[in-house]
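Peer 1: Before anything else, here's the structure in question.
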Amino acid sequence: MGMRVLVLSDIHGNMPALEAIVKDEDWDLMICLGDLVDYGPWPDEVIDYIMENADYSVMGNHDYSLALGGDCGCSEEYVELTMHTRRATMDKISDLYRTYLKSLPEKLEIDIEGRHINLVHGSYKNPLYGFISPDVPEEIIFEEMQMASGVVLFGHSHIPMEKDLRDDLKIVNPGSVGFPKGNDPRASYVIIENGRFHLKKIEYNIDYMIDGLRDMDIPDDVRQTLITSVKEGR
């Protein structure tokens, strides 16, 4: 029986979605590809869980922005969502949690059962901000990933993806746990088992998540944008 690896990314403070996954799945090793914070109401609970349970974690652009004061690299719309939700939840981010986010590497290279695996949030070339999704032109995907070998596990786009770029290079995005895109609101993740990558989705208590968003001290238009996102997966 091979090792069972759970791969998570882009949780964004959505604890109900994370809980649904970890209650439904068994795993021997957990990988987190960043963006624990912003948008969702429970950044503290998410950070605490990942601190205690993830075997390997890398920094996302939102983790970097919160912990180190850097640019989140988002478009204007997402910067507004980030700033409003962050202000509403900053009191939950203790020094311990901030220190943990600061400690996360931008890139990790590990070996699992003899397979070389690269962990980044964005792309191998640009770990924090590189943006790869299924509709990005092939030449850009290759440019962002070509220096890697083995497997690149990455997130950031919130859209699941699996693609063989070369015989010796596979790229896999588990999608987003907390704010999935692609018009599917189910929490998205990957299980690696026996050398295979299984893209999986699970329903979770979206109503509880919406209640959490309604309790946040954020403008109504920001709240409605986030509610629509979690309800419709976009």
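Within each chain, counting starts at residue 1; across the structure tokens, chains are named A, B, ... in the order shown, with ligands numbered 1 upward in that order.
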May I have the residues within 8 Å of Asp28 in chain A as a list in words, using only C-alpha atoms and disregarding those fewer than 6 positions away in the same chain?

Peer 2: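 Here the qualifying residues turn out to be Met3, Arg4, Val5 and Leu6 of chain A.
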
Peer 1: Taking the DSSP secondary structure from the backbone, can you list the residues of range 115-171 of chain A that are strand (DSSP E), as a list in words?

Peer 2: Arg115, His116, Ile117, Asn118, Leu119, Gly150, Val151, Val152, Leu153, Met161, Glu162, Lys163, Asp164, Leu165, Arg166, Leu169, Lys170 and Ile171 of chain A

Peer 1: Could you tell me, as an MDAnalysis selection string, which residues of range 61-164 of chain A DSSP assigns to helix (DSSP H, G or I) when given the backbone?

Peer 2: chainID A and resid 61:68 76:92 95:103 138:145

Peer 1: Would you mind exporting N, CA and C atoms of the selected residues as a tab-separated table (two decimals), in the first residue's frame?

Peer 2:
```tsv
chain	number	residue	atom	x	y	z
A	61	ASN	N	0.81	34.33	-1.85
A	61	ASN	CA	0.94	35.78	-1.97
A	61	ASN	C	0.17	36.53	-0.88
A	62	HIS	N	-0.97	35.98	-0.43
A	62	HIS	CA	-1.72	36.62	0.64
A	62	HIS	C	-1.03	36.42	2.00
A	63	ASP	N	-0.43	35.27	2.20
A	63	ASP	CA	0.34	35.04	3.43
A	63	ASP	C	1.50	36.02	3.50
A	64	TYR	N	2.18	36.19	2.38
A	64	TYR	CA	3.31	37.12	2.29
A	64	TYR	C	2.87	38.55	2.58
A	65	SER	N	1.77	38.94	1.97
A	65	SER	CA	1.28	40.30	2.13
A	65	SER	C	0.91	40.60	3.58
A	66	LEU	N	0.22	39.67	4.22
A	66	LEU	CA	-0.18	39.88	5.60
A	66	LEU	C	1.01	39.86	6.55
A	67	ALA	N	1.88	38.87	6.40
A	67	ALA	CA	2.96	38.67	7.36
A	67	ALA	C	4.09	39.67	7.19
A	68	LEU	N	4.38	40.07	5.96
A	68	LEU	CA	5.56	40.88	5.70
A	68	LEU	C	5.22	42.26	5.12
A	76	GLU	N	-7.19	45.03	-8.92
A	76	GLU	CA	-7.82	46.06	-8.07
A	76	GLU	C	-9.01	45.50	-7.30
A	77	GLU	N	-9.83	44.70	-7.96
A	77	GLU	CA	-11.01	44.12	-7.29
A	77	GLU	C	-10.60	43.26	-6.11
A	78	TYR	N	-9.59	42.42	-6.31
A	78	TYR	CA	-9.19	41.51	-5.24
A	78	TYR	C	-8.41	42.21	-4.14
A	79	VAL	N	-7.71	43.29	-4.48
A	79	VAL	CA	-7.06	44.09	-3.45
A	79	VAL	C	-8.11	44.66	-2.50
A	80	GLU	N	-9.23	45.14	-3.05
A	80	GLU	CA	-10.30	45.69	-2.21
A	80	GLU	C	-10.86	44.61	-1.29
A	81	LEU	N	-11.13	43.43	-1.84
A	81	LEU	CA	-11.64	42.33	-1.01
A	81	LEU	C	-10.64	41.97	0.08
A	82	THR	N	-9.35	41.94	-0.30
A	82	THR	CA	-8.30	41.59	0.64
A	82	THR	C	-8.23	42.58	1.79
A	83	MET	N	-8.18	43.85	1.47
A	83	MET	CA	-8.00	44.87	2.50
A	83	MET	C	-9.18	44.93	3.47
A	84	HIS	N	-10.39	44.84	2.95
A	84	HIS	CA	-11.56	44.91	3.82
A	84	HIS	C	-11.65	43.67	4.72
A	85	THR	N	-11.46	42.49	4.16
A	85	THR	CA	-11.56	41.29	4.99
A	85	THR	C	-10.40	41.19	5.96
A	86	ARG	N	-9.24	41.66	5.55
A	86	ARG	CA	-8.09	41.63	6.46
A	86	ARG	C	-8.32	42.54	7.66
A	87	ARG	N	-8.82	43.74	7.41
A	87	ARG	CA	-9.10	44.64	8.52
A	87	ARG	C	-10.10	44.02	9.51
A	88	ALA	N	-11.05	43.27	8.96
A	88	ALA	CA	-12.09	42.67	9.80
A	88	ALA	C	-11.58	41.50	10.62
A	89	THR	N	-10.45	40.92	10.24
A	89	THR	CA	-9.97	39.71	10.93
A	89	THR	C	-8.58	39.85	11.52
A	90	MET	N	-7.97	41.03	11.43
A	90	MET	CA	-6.59	41.17	11.88
A	90	MET	C	-6.41	40.86	13.36
A	91	ASP	N	-7.44	41.12	14.18
A	91	ASP	CA	-7.30	40.84	15.61
A	91	ASP	C	-7.20	39.35	15.89
A	92	LYS	N	-7.55	38.52	14.91
A	92	LYS	CA	-7.44	37.07	15.08
A	92	LYS	C	-6.04	36.55	14.75
A	95	ASP	N	0.59	37.06	17.17
A	95	ASP	CA	2.02	37.09	16.81
A	95	ASP	C	2.50	35.70	16.43
A	96	LEU	N	1.99	34.68	17.10
A	96	LEU	CA	2.38	33.31	16.79
A	96	LEU	C	2.01	32.96	15.35
A	97	TYR	N	0.80	33.30	14.95
A	97	TYR	CA	0.34	32.99	13.60
A	97	TYR	C	1.10	33.80	12.56
A	98	ARG	N	1.35	35.06	12.88
A	98	ARG	CA	2.10	35.90	11.95
A	98	ARG	C	3.53	35.37	11.78
A	99	THR	N	4.13	34.95	12.87
A	99	THR	CA	5.48	34.37	12.81
A	99	THR	C	5.49	33.11	11.96
A	100	TYR	N	4.45	32.31	12.09
A	100	TYR	CA	4.36	31.09	11.28
A	100	TYR	C	4.29	31.45	9.79
A	101	LEU	N	3.44	32.40	9.44
A	101	LEU	CA	3.33	32.80	8.03
A	101	LEU	C	4.67	33.33	7.51
A	102	LYS	N	5.37	34.12	8.35
A	102	LYS	CA	6.67	34.65	7.95
A	102	LYS	C	7.68	33.54	7.71
A	103	SER	N	7.53	32.44	8.44
A	103	SER	CA	8.51	31.35	8.36
A	103	SER	C	8.35	30.47	7.13
A	138	GLU	N	0.04	27.89	-23.82
A	138	GLU	CA	1.02	26.83	-23.57
A	138	GLU	C	2.44	27.38	-23.41
A	139	GLU	N	2.81	28.37	-24.23
A	139	GLU	CA	4.18	28.87	-24.17
A	139	GLU	C	4.46	29.59	-22.85
A	140	ILE	N	3.43	30.22	-22.27
A	140	ILE	CA	3.61	30.89	-20.98
A	140	ILE	C	3.72	29.85	-19.87
A	141	ILE	N	2.88	28.83	-19.92
A	141	ILE	CA	2.96	27.76	-18.93
A	141	ILE	C	4.35	27.14	-18.95
A	142	PHE	N	4.84	26.85	-20.15
A	142	PHE	CA	6.16	26.23	-20.27
A	142	PHE	C	7.25	27.16	-19.74
A	143	GLU	N	7.15	28.44	-20.05
A	143	GLU	CA	8.14	29.42	-19.58
A	143	GLU	C	8.17	29.48	-18.05
A	144	GLU	N	7.01	29.42	-17.43
A	144	GLU	CA	6.91	29.54	-15.97
A	144	GLU	C	7.34	28.26	-15.25
A	145	MET	N	7.30	27.13	-15.92
A	145	MET	CA	7.55	25.85	-15.26
A	145	MET	C	8.76	25.08	-15.78
```

Peer 1: Taking only C-alpha atoms into account, name the residue in A:Gly34, A:Gly13, A:Pro134, A:Pro105 that is nearest to Phe179 in chain A.

Peer 2: A:Gly13

Peer 1: Which is closer to Asn53 in chain A than all the others in A:Ala187, A:Val22, A:Glu193, A:Arg223, using only C-alpha atoms?

Peer 2: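 Ranked by minimum distance to Asn53 in chain A, first place goes to A:Val22.
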
Peer 1: Name the closest residue to Ser176 in chain A among the candidates A:Val151, A:Ile210, A:Ile132, A:Ile159; distances are taken between atoms, counting only C-alpha atoms.

Peer 2: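 Smallest distance to Ser176 in chain A is found for A:Ile159.
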